[in-house]
Amino acid sequence: MKKWMAFCIGMAILTALAGCGSEIRAIPTAQSAPKSSQESGSDAAGSSQISESSGSAVQVPSKNGGTVSGVSSAIPFGVAPSTISAEYKKGDTEIRAEYPQFEGNRYAGVDSQMKKEALSTMDNVKADSKSTGITAETAGRVEFSSKDFVSAVFETSFLTKDNTHTFRSLRTVNYDLKAEKAVMEQDLIVNNGALYKAADAAVKKQLSKELQTYFTPQVLKDSLDQSELYFKKDGIVVSFTVIYTLGDHAEISIPYNETQGFRTESSVWNNFAT
């Protein structure tokens with residue numbers, strides 16, 4: 001889980017003085033609540049305020065391939081998470097985040113990791129006393145879950161008053177429920193010739209001509225060292241940071257039956273038919 005990549009460019013621009021008055025709110029929603037219903041004014045003293053409660057996990061049939069409460073693919077063991085919405089306001093800065101949360105002690109570790117990831121933009125802005133004029137939004141979703149593994153994605157858009165371009169970033173959480181720990185990309189894949197070959201083939205098949213030209217052999221090799229990885233039902237997805245004129249990040253997918261040459265010995269791979 002490489003943090004901040006091209007997104008750091010946006011954060012580096014935070015140089016103006018902070019405004020007064022702030023509020024943080026977090027509410028559980030079965031579906032995303034209308035943003036207007038999440039807003040309220042700052043208190044007179046300008047102090048920060050947090051209000052959060054937990055939502056119940058939604059049970060859905062395991063064969064349901066639809067979208068339920070932020071889950072973008074079928075959930076193998078039949079449990080979909082609730083969605084939590086959070087908002088931070090301070091002067092002309094406004095940051096929103098939505099992130100998935102499961103129910104029960106078994107999921108405490110992954111819930112904590114997903115919440116931390118989703119609120120990382122908010123926390124970094126709050127920690128910068130000079131930040132102002134920022135608009136940001138993070139949307140988190142679970143892409144894959146089984147009884148032993150969860151893979152989630154967090155997409156953030158970030159705009160400052162000094163820039164006309166909205167920066168986009170993608171971060172991931174891959175969590176081994178059996179081992180009760182997050183796993184990093186290097187725990188799951190080896191950056192070797194087999195990975196490069198599979199990635200190069202995917203680039204040529206899946207990406208635009210402009211991105212194909214951008215990913216020269218050296219750029220692709222370097223990008224694989226800095227990529228984000230997540231899992232779907234039928235394969236892995238590798239997300240690269242690219243120049244902002246090409247969209248800030250690009251993704252390729254590799255089917256599980258093409259991953260044998262670069263998988264590690266991690267037990268996470270036991271969750272997939274390969």
# chains A, B, ... in the order shown; residues from 1 in each chain; ligands from 1
>>> select_by_dssp(residues="stretch 84-268 of chain A", states="strand (DSSP E or B)", output="PDB file with N, CA and C atoms, in the first residue's frame")
ATOM      1  N   ILE A  84     -19.978   3.928   5.892  1.00  0.00           N
ATOM      2  CA  ILE A  84     -19.900   5.052   6.820  1.00  0.00           C
ATOM      3  C   ILE A  84     -19.526   6.311   6.044  1.00  0.00           C
ATOM      4  N   SER A  85     -20.250   7.391   6.276  1.00  0.00           N
ATOM      5  CA  SER A  85     -19.961   8.669   5.637  1.00  0.00           C
ATOM      6  C   SER A  85     -19.380   9.631   6.666  1.00  0.00           C
ATOM      7  N   ALA A  86     -18.300  10.305   6.301  1.00  0.00           N
ATOM      8  CA  ALA A  86     -17.656  11.272   7.206  1.00  0.00           C
ATOM      9  C   ALA A  86     -17.427  12.578   6.464  1.00  0.00           C
ATOM     10  N   GLU A  87     -17.468  13.666   7.206  1.00  0.00           N
ATOM     11  CA  GLU A  87     -17.287  14.985   6.610  1.00  0.00           C
ATOM     12  C   GLU A  87     -16.488  15.883   7.547  1.00  0.00           C
ATOM     13  N   TYR A  88     -15.580  16.665   6.954  1.00  0.00           N
ATOM     14  CA  TYR A  88     -14.774  17.632   7.711  1.00  0.00           C
ATOM     15  C   TYR A  88     -14.877  18.988   7.028  1.00  0.00           C
ATOM     16  N   LYS A  89     -15.202  20.019   7.802  1.00  0.00           N
ATOM     17  CA  LYS A  89     -15.280  21.371   7.271  1.00  0.00           C
ATOM     18  C   LYS A  89     -14.472  22.318   8.149  1.00  0.00           C
ATOM     19  N   LYS A  90     -13.719  23.186   7.495  1.00  0.00           N
ATOM     20  CA  LYS A  90     -12.983  24.220   8.214  1.00  0.00           C
ATOM     21  C   LYS A  90     -12.750  25.375   7.248  1.00  0.00           C
ATOM     22  N   THR A  93     -12.362  24.873   3.446  1.00  0.00           N
ATOM     23  CA  THR A  93     -11.930  23.496   3.212  1.00  0.00           C
ATOM     24  C   THR A  93     -13.069  22.538   3.518  1.00  0.00           C
ATOM     25  N   GLU A  94     -13.302  21.600   2.627  1.00  0.00           N
ATOM     26  CA  GLU A  94     -14.360  20.621   2.829  1.00  0.00           C
ATOM     27  C   GLU A  94     -13.893  19.263   2.320  1.00  0.00           C
ATOM     28  N   ILE A  95     -13.923  18.268   3.194  1.00  0.00           N
ATOM     29  CA  ILE A  95     -13.454  16.935   2.841  1.00  0.00           C
ATOM     30  C   ILE A  95     -14.528  15.919   3.211  1.00  0.00           C
ATOM     31  N   ARG A  96     -14.812  15.023   2.297  1.00  0.00           N
ATOM     32  CA  ARG A  96     -15.802  13.973   2.532  1.00  0.00           C
ATOM     33  C   ARG A  96     -15.138  12.617   2.343  1.00  0.00           C
ATOM     34  N   ALA A  97     -15.677  11.630   3.031  1.00  0.00           N
ATOM     35  CA  ALA A  97     -15.172  10.266   2.869  1.00  0.00           C
ATOM     36  C   ALA A  97     -16.298   9.275   3.115  1.00  0.00           C
ATOM     37  N   GLU A  98     -16.311   8.210   2.347  1.00  0.00           N
ATOM     38  CA  GLU A  98     -17.202   7.082   2.581  1.00  0.00           C
ATOM     39  C   GLU A  98     -16.357   5.815   2.587  1.00  0.00           C
ATOM     40  N   TYR A  99     -16.617   4.953   3.562  1.00  0.00           N
ATOM     41  CA  TYR A  99     -15.793   3.754   3.654  1.00  0.00           C
ATOM     42  C   TYR A  99     -16.607   2.585   4.207  1.00  0.00           C
ATOM     43  N   PRO A 100     -16.252   1.364   3.809  1.00  0.00           N
ATOM     44  CA  PRO A 100     -16.990   0.179   4.257  1.00  0.00           C
ATOM     45  C   PRO A 100     -16.562  -0.267   5.647  1.00  0.00           C
ATOM     46  N   GLN A 101     -17.514  -0.822   6.390  1.00  0.00           N
ATOM     47  CA  GLN A 101     -17.232  -1.388   7.705  1.00  0.00           C
ATOM     48  C   GLN A 101     -18.076  -2.651   7.893  1.00  0.00           C
ATOM     49  N   ILE A 134      -9.325  23.708   0.282  1.00  0.00           N
ATOM     50  CA  ILE A 134      -9.184  22.345  -0.212  1.00  0.00           C
ATOM     51  C   ILE A 134     -10.549  21.699  -0.337  1.00  0.00           C
ATOM     52  N   THR A 135     -10.751  21.009  -1.434  1.00  0.00           N
ATOM     53  CA  THR A 135     -11.934  20.182  -1.613  1.00  0.00           C
ATOM     54  C   THR A 135     -11.463  18.772  -1.942  1.00  0.00           C
ATOM     55  N   ALA A 136     -11.896  17.794  -1.170  1.00  0.00           N
ATOM     56  CA  ALA A 136     -11.457  16.418  -1.397  1.00  0.00           C
ATOM     57  C   ALA A 136     -12.583  15.459  -1.085  1.00  0.00           C
ATOM     58  N   GLU A 137     -12.576  14.333  -1.779  1.00  0.00           N
ATOM     59  CA  GLU A 137     -13.581  13.312  -1.548  1.00  0.00           C
ATOM     60  C   GLU A 137     -12.951  11.937  -1.738  1.00  0.00           C
ATOM     61  N   THR A 138     -13.185  11.044  -0.776  1.00  0.00           N
ATOM     62  CA  THR A 138     -12.694   9.671  -0.852  1.00  0.00           C
ATOM     63  C   THR A 138     -13.877   8.716  -0.855  1.00  0.00           C
ATOM     64  N   ALA A 139     -13.853   7.760  -1.770  1.00  0.00           N
ATOM     65  CA  ALA A 139     -14.889   6.741  -1.844  1.00  0.00           C
ATOM     66  C   ALA A 139     -14.227   5.374  -1.723  1.00  0.00           C
ATOM     67  N   GLY A 140     -14.624   4.617  -0.707  1.00  0.00           N
ATOM     68  CA  GLY A 140     -14.054   3.291  -0.494  1.00  0.00           C
ATOM     69  C   GLY A 140     -15.065   2.201  -0.828  1.00  0.00           C
ATOM     70  N   ARG A 141     -14.566   1.080  -1.300  1.00  0.00           N
ATOM     71  CA  ARG A 141     -15.446  -0.041  -1.624  1.00  0.00           C
ATOM     72  C   ARG A 141     -14.668  -1.349  -1.450  1.00  0.00           C
ATOM     73  N   VAL A 142     -15.391  -2.399  -1.111  1.00  0.00           N
ATOM     74  CA  VAL A 142     -14.813  -3.738  -1.037  1.00  0.00           C
ATOM     75  C   VAL A 142     -14.906  -4.378  -2.415  1.00  0.00           C
ATOM     76  N   GLU A 143     -13.778  -4.842  -2.935  1.00  0.00           N
ATOM     77  CA  GLU A 143     -13.750  -5.496  -4.241  1.00  0.00           C
ATOM     78  C   GLU A 143     -13.817  -7.020  -4.129  1.00  0.00           C
ATOM     79  N   PHE A 144     -13.295  -7.547  -3.023  1.00  0.00           N
ATOM     80  CA  PHE A 144     -13.338  -8.994  -2.824  1.00  0.00           C
ATOM     81  C   PHE A 144     -13.337  -9.288  -1.329  1.00  0.00           C
ATOM     82  N   SER A 145     -14.111 -10.286  -0.926  1.00  0.00           N
ATOM     83  CA  SER A 145     -14.033 -10.751   0.454  1.00  0.00           C
ATOM     84  C   SER A 145     -14.360 -12.232   0.504  1.00  0.00           C
ATOM     85  N   PHE A 149     -10.095 -13.341   3.755  1.00  0.00           N
ATOM     86  CA  PHE A 149      -9.378 -12.259   3.058  1.00  0.00           C
ATOM     87  C   PHE A 149     -10.346 -11.185   2.583  1.00  0.00           C
ATOM     88  N   VAL A 150      -9.904  -9.919   2.706  1.00  0.00           N
ATOM     89  CA  VAL A 150     -10.669  -8.778   2.208  1.00  0.00           C
ATOM     90  C   VAL A 150      -9.746  -7.885   1.397  1.00  0.00           C
ATOM     91  N   SER A 151     -10.220  -7.449   0.246  1.00  0.00           N
ATOM     92  CA  SER A 151      -9.479  -6.506  -0.582  1.00  0.00           C
ATOM     93  C   SER A 151     -10.378  -5.315  -0.879  1.00  0.00           C
ATOM     94  N   ALA A 152      -9.903  -4.118  -0.559  1.00  0.00           N
ATOM     95  CA  ALA A 152     -10.712  -2.900  -0.706  1.00  0.00           C
ATOM     96  C   ALA A 152      -9.922  -1.812  -1.416  1.00  0.00           C
ATOM     97  N   VAL A 153     -10.660  -0.890  -2.033  1.00  0.00           N
ATOM     98  CA  VAL A 153     -10.087   0.186  -2.819  1.00  0.00           C
ATOM     99  C   VAL A 153     -10.607   1.521  -2.309  1.00  0.00           C
ATOM    100  N   PHE A 154      -9.723   2.535  -2.309  1.00  0.00           N
ATOM    101  CA  PHE A 154     -10.094   3.879  -1.867  1.00  0.00           C
ATOM    102  C   PHE A 154      -9.627   4.876  -2.912  1.00  0.00           C
ATOM    103  N   GLU A 155     -10.600   5.501  -3.586  1.00  0.00           N
ATOM    104  CA  GLU A 155     -10.292   6.475  -4.622  1.00  0.00           C
ATOM    105  C   GLU A 155     -10.539   7.882  -4.078  1.00  0.00           C
ATOM    106  N   THR A 156      -9.568   8.746  -4.282  1.00  0.00           N
ATOM    107  CA  THR A 156      -9.651  10.112  -3.762  1.00  0.00           C
ATOM    108  C   THR A 156      -9.478  11.131  -4.881  1.00  0.00           C
ATOM    109  N   SER A 157     -10.327  12.141  -4.875  1.00  0.00           N
ATOM    110  CA  SER A 157     -10.137  13.320  -5.731  1.00  0.00           C
ATOM    111  C   SER A 157      -9.763  14.482  -4.814  1.00  0.00           C
ATOM    112  N   PHE A 158      -8.839  15.334  -5.265  1.00  0.00           N
ATOM    113  CA  PHE A 158      -8.260  16.350  -4.401  1.00  0.00           C
ATOM    114  C   PHE A 158      -8.019  17.620  -5.204  1.00  0.00           C
ATOM    115  N   LEU A 159      -8.587  18.725  -4.747  1.00  0.00           N
ATOM    116  CA  LEU A 159      -8.453  19.999  -5.446  1.00  0.00           C
ATOM    117  C   LEU A 159      -8.094  21.093  -4.447  1.00  0.00           C
ATOM    118  N   THR A 160      -7.135  21.938  -4.820  1.00  0.00           N
ATOM    119  CA  THR A 160      -6.808  23.095  -3.994  1.00  0.00           C
ATOM    120  C   THR A 160      -7.183  24.367  -4.755  1.00  0.00           C
ATOM    121  N   PHE A 167      -6.585  16.374  -8.640  1.00  0.00           N
ATOM    122  CA  PHE A 167      -5.716  15.209  -8.579  1.00  0.00           C
ATOM    123  C   PHE A 167      -6.520  13.988  -8.133  1.00  0.00           C
ATOM    124  N   ARG A 168      -6.243  12.848  -8.735  1.00  0.00           N
ATOM    125  CA  ARG A 168      -6.921  11.603  -8.394  1.00  0.00           C
ATOM    126  C   ARG A 168      -5.883  10.583  -7.949  1.00  0.00           C
ATOM    127  N   SER A 169      -6.201   9.873  -6.888  1.00  0.00           N
ATOM    128  CA  SER A 169      -5.294   8.829  -6.399  1.00  0.00           C
ATOM    129  C   SER A 169      -6.086   7.600  -6.012  1.00  0.00           C
ATOM    130  N   LEU A 170      -5.420   6.471  -5.987  1.00  0.00           N
ATOM    131  CA  LEU A 170      -6.042   5.222  -5.574  1.00  0.00           C
ATOM    132  C   LEU A 170      -5.140   4.533  -4.568  1.00  0.00           C
ATOM    133  N   ARG A 171      -5.741   4.111  -3.444  1.00  0.00           N
ATOM    134  CA  ARG A 171      -5.007   3.374  -2.419  1.00  0.00           C
ATOM    135  C   ARG A 171      -5.789   2.098  -2.107  1.00  0.00           C
ATOM    136  N   THR A 172      -5.120   1.110  -1.568  1.00  0.00           N
ATOM    137  CA  THR A 172      -5.768  -0.177  -1.347  1.00  0.00           C
ATOM    138  C   THR A 172      -5.502  -0.707   0.057  1.00  0.00           C
ATOM    139  N   VAL A 173      -6.379  -1.588   0.478  1.00  0.00           N
ATOM    140  CA  VAL A 173      -6.189  -2.370   1.700  1.00  0.00           C
ATOM    141  C   VAL A 173      -6.413  -3.832   1.350  1.00  0.00           C
ATOM    142  N   ASN A 174      -5.398  -4.654   1.573  1.00  0.00           N
ATOM    143  CA  ASN A 174      -5.518  -6.104   1.434  1.00  0.00           C
ATOM    144  C   ASN A 174      -5.271  -6.700   2.808  1.00  0.00           C
ATOM    145  N   TYR A 175      -6.256  -7.411   3.323  1.00  0.00           N
ATOM    146  CA  TYR A 175      -6.199  -7.819   4.733  1.00  0.00           C
ATOM    147  C   TYR A 175      -6.421  -9.325   4.870  1.00  0.00           C
ATOM    148  N   ASP A 176      -5.469  -9.971   5.533  1.00  0.00           N
ATOM    149  CA  ASP A 176      -5.532 -11.406   5.821  1.00  0.00           C
ATOM    150  C   ASP A 176      -6.277 -11.596   7.147  1.00  0.00           C
ATOM    151  N   LYS A 181      -3.820  -9.414   9.865  1.00  0.00           N
ATOM    152  CA  LYS A 181      -2.874  -8.356   9.504  1.00  0.00           C
ATOM    153  C   LYS A 181      -3.072  -7.934   8.049  1.00  0.00           C
ATOM    154  N   ALA A 182      -2.699  -6.689   7.784  1.00  0.00           N
ATOM    155  CA  ALA A 182      -2.696  -6.200   6.413  1.00  0.00           C
ATOM    156  C   ALA A 182      -1.482  -6.772   5.694  1.00  0.00           C
ATOM    157  N   ILE A 189       3.173 -10.395  -4.461  1.00  0.00           N
ATOM    158  CA  ILE A 189       3.721 -10.572  -5.806  1.00  0.00           C
ATOM    159  C   ILE A 189       5.213 -10.238  -5.824  1.00  0.00           C
ATOM    160  N   GLU A 228      -0.173  -0.031  -6.906  1.00  0.00           N
ATOM    161  CA  GLU A 228      -1.142  -0.500  -5.917  1.00  0.00           C
ATOM    162  C   GLU A 228      -1.809  -1.758  -6.475  1.00  0.00           C
ATOM    163  N   LEU A 229      -2.136  -2.683  -5.581  1.00  0.00           N
ATOM    164  CA  LEU A 229      -2.680  -3.969  -5.999  1.00  0.00           C
ATOM    165  C   LEU A 229      -3.968  -4.263  -5.240  1.00  0.00           C
ATOM    166  N   TYR A 230      -4.984  -4.737  -5.966  1.00  0.00           N
ATOM    167  CA  TYR A 230      -6.166  -5.253  -5.278  1.00  0.00           C
ATOM    168  C   TYR A 230      -6.714  -6.461  -6.026  1.00  0.00           C
ATOM    169  N   PHE A 231      -7.633  -7.165  -5.364  1.00  0.00           N
ATOM    170  CA  PHE A 231      -8.121  -8.440  -5.868  1.00  0.00           C
ATOM    171  C   PHE A 231      -9.603  -8.360  -6.212  1.00  0.00           C
ATOM    172  N   GLY A 235      -9.523 -11.955 -10.963  1.00  0.00           N
ATOM    173  CA  GLY A 235      -8.126 -11.632 -11.182  1.00  0.00           C
ATOM    174  C   GLY A 235      -7.651 -10.478 -10.322  1.00  0.00           C
ATOM    175  N   ILE A 236      -6.354 -10.161 -10.447  1.00  0.00           N
ATOM    176  CA  ILE A 236      -5.793  -9.030  -9.722  1.00  0.00           C
ATOM    177  C   ILE A 236      -5.870  -7.780 -10.588  1.00  0.00           C
ATOM    178  N   VAL A 237      -5.876  -6.627  -9.942  1.00  0.00           N
ATOM    179  CA  VAL A 237      -5.826  -5.348 -10.640  1.00  0.00           C
ATOM    180  C   VAL A 237      -4.612  -4.587 -10.136  1.00  0.00           C
ATOM    181  N   VAL A 238      -3.802  -4.102 -11.070  1.00  0.00           N
ATOM    182  CA  VAL A 238      -2.625  -3.312 -10.738  1.00  0.00           C
ATOM    183  C   VAL A 238      -2.899  -1.872 -11.147  1.00  0.00           C
ATOM    184  N   SER A 239      -2.754  -0.954 -10.210  1.00  0.00           N
ATOM    185  CA  SER A 239      -3.010   0.462 -10.473  1.00  0.00           C
ATOM    186  C   SER A 239      -1.700   1.229 -10.433  1.00  0.00           C
ATOM    187  N   PHE A 240      -1.456   2.021 -11.485  1.00  0.00           N
ATOM    188  CA  PHE A 240      -0.233   2.805 -11.601  1.00  0.00           C
ATOM    189  C   PHE A 240      -0.533   4.293 -11.461  1.00  0.00           C
ATOM    190  N   THR A 241       0.378   5.031 -10.892  1.00  0.00           N
ATOM    191  CA  THR A 241       0.332   6.481 -10.940  1.00  0.00           C
ATOM    192  C   THR A 241       0.904   6.927 -12.277  1.00  0.00           C
ATOM    193  N   HIS A 249      -4.031   8.128 -12.616  1.00  0.00           N
ATOM    194  CA  HIS A 249      -3.729   6.705 -12.428  1.00  0.00           C
ATOM    195  C   HIS A 249      -4.417   5.862 -13.497  1.00  0.00           C
ATOM    196  N   ALA A 250      -3.791   4.719 -13.765  1.00  0.00           N
ATOM    197  CA  ALA A 250      -4.309   3.798 -14.773  1.00  0.00           C
ATOM    198  C   ALA A 250      -4.271   2.392 -14.205  1.00  0.00           C
ATOM    199  N   GLU A 251      -5.187   1.538 -14.673  1.00  0.00           N
ATOM    200  CA  GLU A 251      -5.290   0.184 -14.135  1.00  0.00           C
ATOM    201  C   GLU A 251      -5.239  -0.871 -15.229  1.00  0.00           C
ATOM    202  N   ILE A 252      -4.628  -1.992 -14.896  1.00  0.00           N
ATOM    203  CA  ILE A 252      -4.678  -3.171 -15.744  1.00  0.00           C
ATOM    204  C   ILE A 252      -5.131  -4.350 -14.892  1.00  0.00           C
ATOM    205  N   SER A 253      -5.754  -5.335 -15.515  1.00  0.00           N
ATOM    206  CA  SER A 253      -6.170  -6.525 -14.791  1.00  0.00           C
ATOM    207  C   SER A 253      -5.454  -7.741 -15.362  1.00  0.00           C
ATOM    208  N   ILE A 254      -5.130  -8.689 -14.486  1.00  0.00           N
ATOM    209  CA  ILE A 254      -4.447  -9.918 -14.872  1.00  0.00           C
ATOM    210  C   ILE A 254      -5.222 -11.092 -14.287  1.00  0.00           C
ATOM    211  N   PRO A 255      -5.723 -12.004 -15.123  1.00  0.00           N
ATOM    212  CA  PRO A 255      -6.479 -13.153 -14.607  1.00  0.00           C
ATOM    213  C   PRO A 255      -5.618 -14.014 -13.679  1.00  0.00           C
ATOM    214  N   ARG A 263       3.597 -15.003  -8.283  1.00  0.00           N
ATOM    215  CA  ARG A 263       2.974 -15.065  -6.949  1.00  0.00           C
ATOM    216  C   ARG A 263       3.998 -15.457  -5.891  1.00  0.00           C
TER     217      ARG A 263
END
>>> select_by_dssp(residues="stretch 117-265 of chain A", states="alpha helix (DSSP H)", output="VMD selection string")
chain A and resid 117 to 118 120 to 127 185 to 188 193 to 206 209 to 214 217 to 225
>>> residues_around(residues="stretch 269-273 of chain A", least_positions_apart="2", cutoff="9 Å", atoms="only C-alpha atoms", output="list in words")
Ser146, Lys147, Asp148, Phe149, Leu188, Lys233, Asp234, Gly235, Tyr256, Asn257, Arg263, Thr264, Glu265, Ser266 and Ser267 of chain A
>>> atom_distance(atom1="atom CA of A:Leu195", atom2="atom CA of A:Tyr244")
25.1 Å
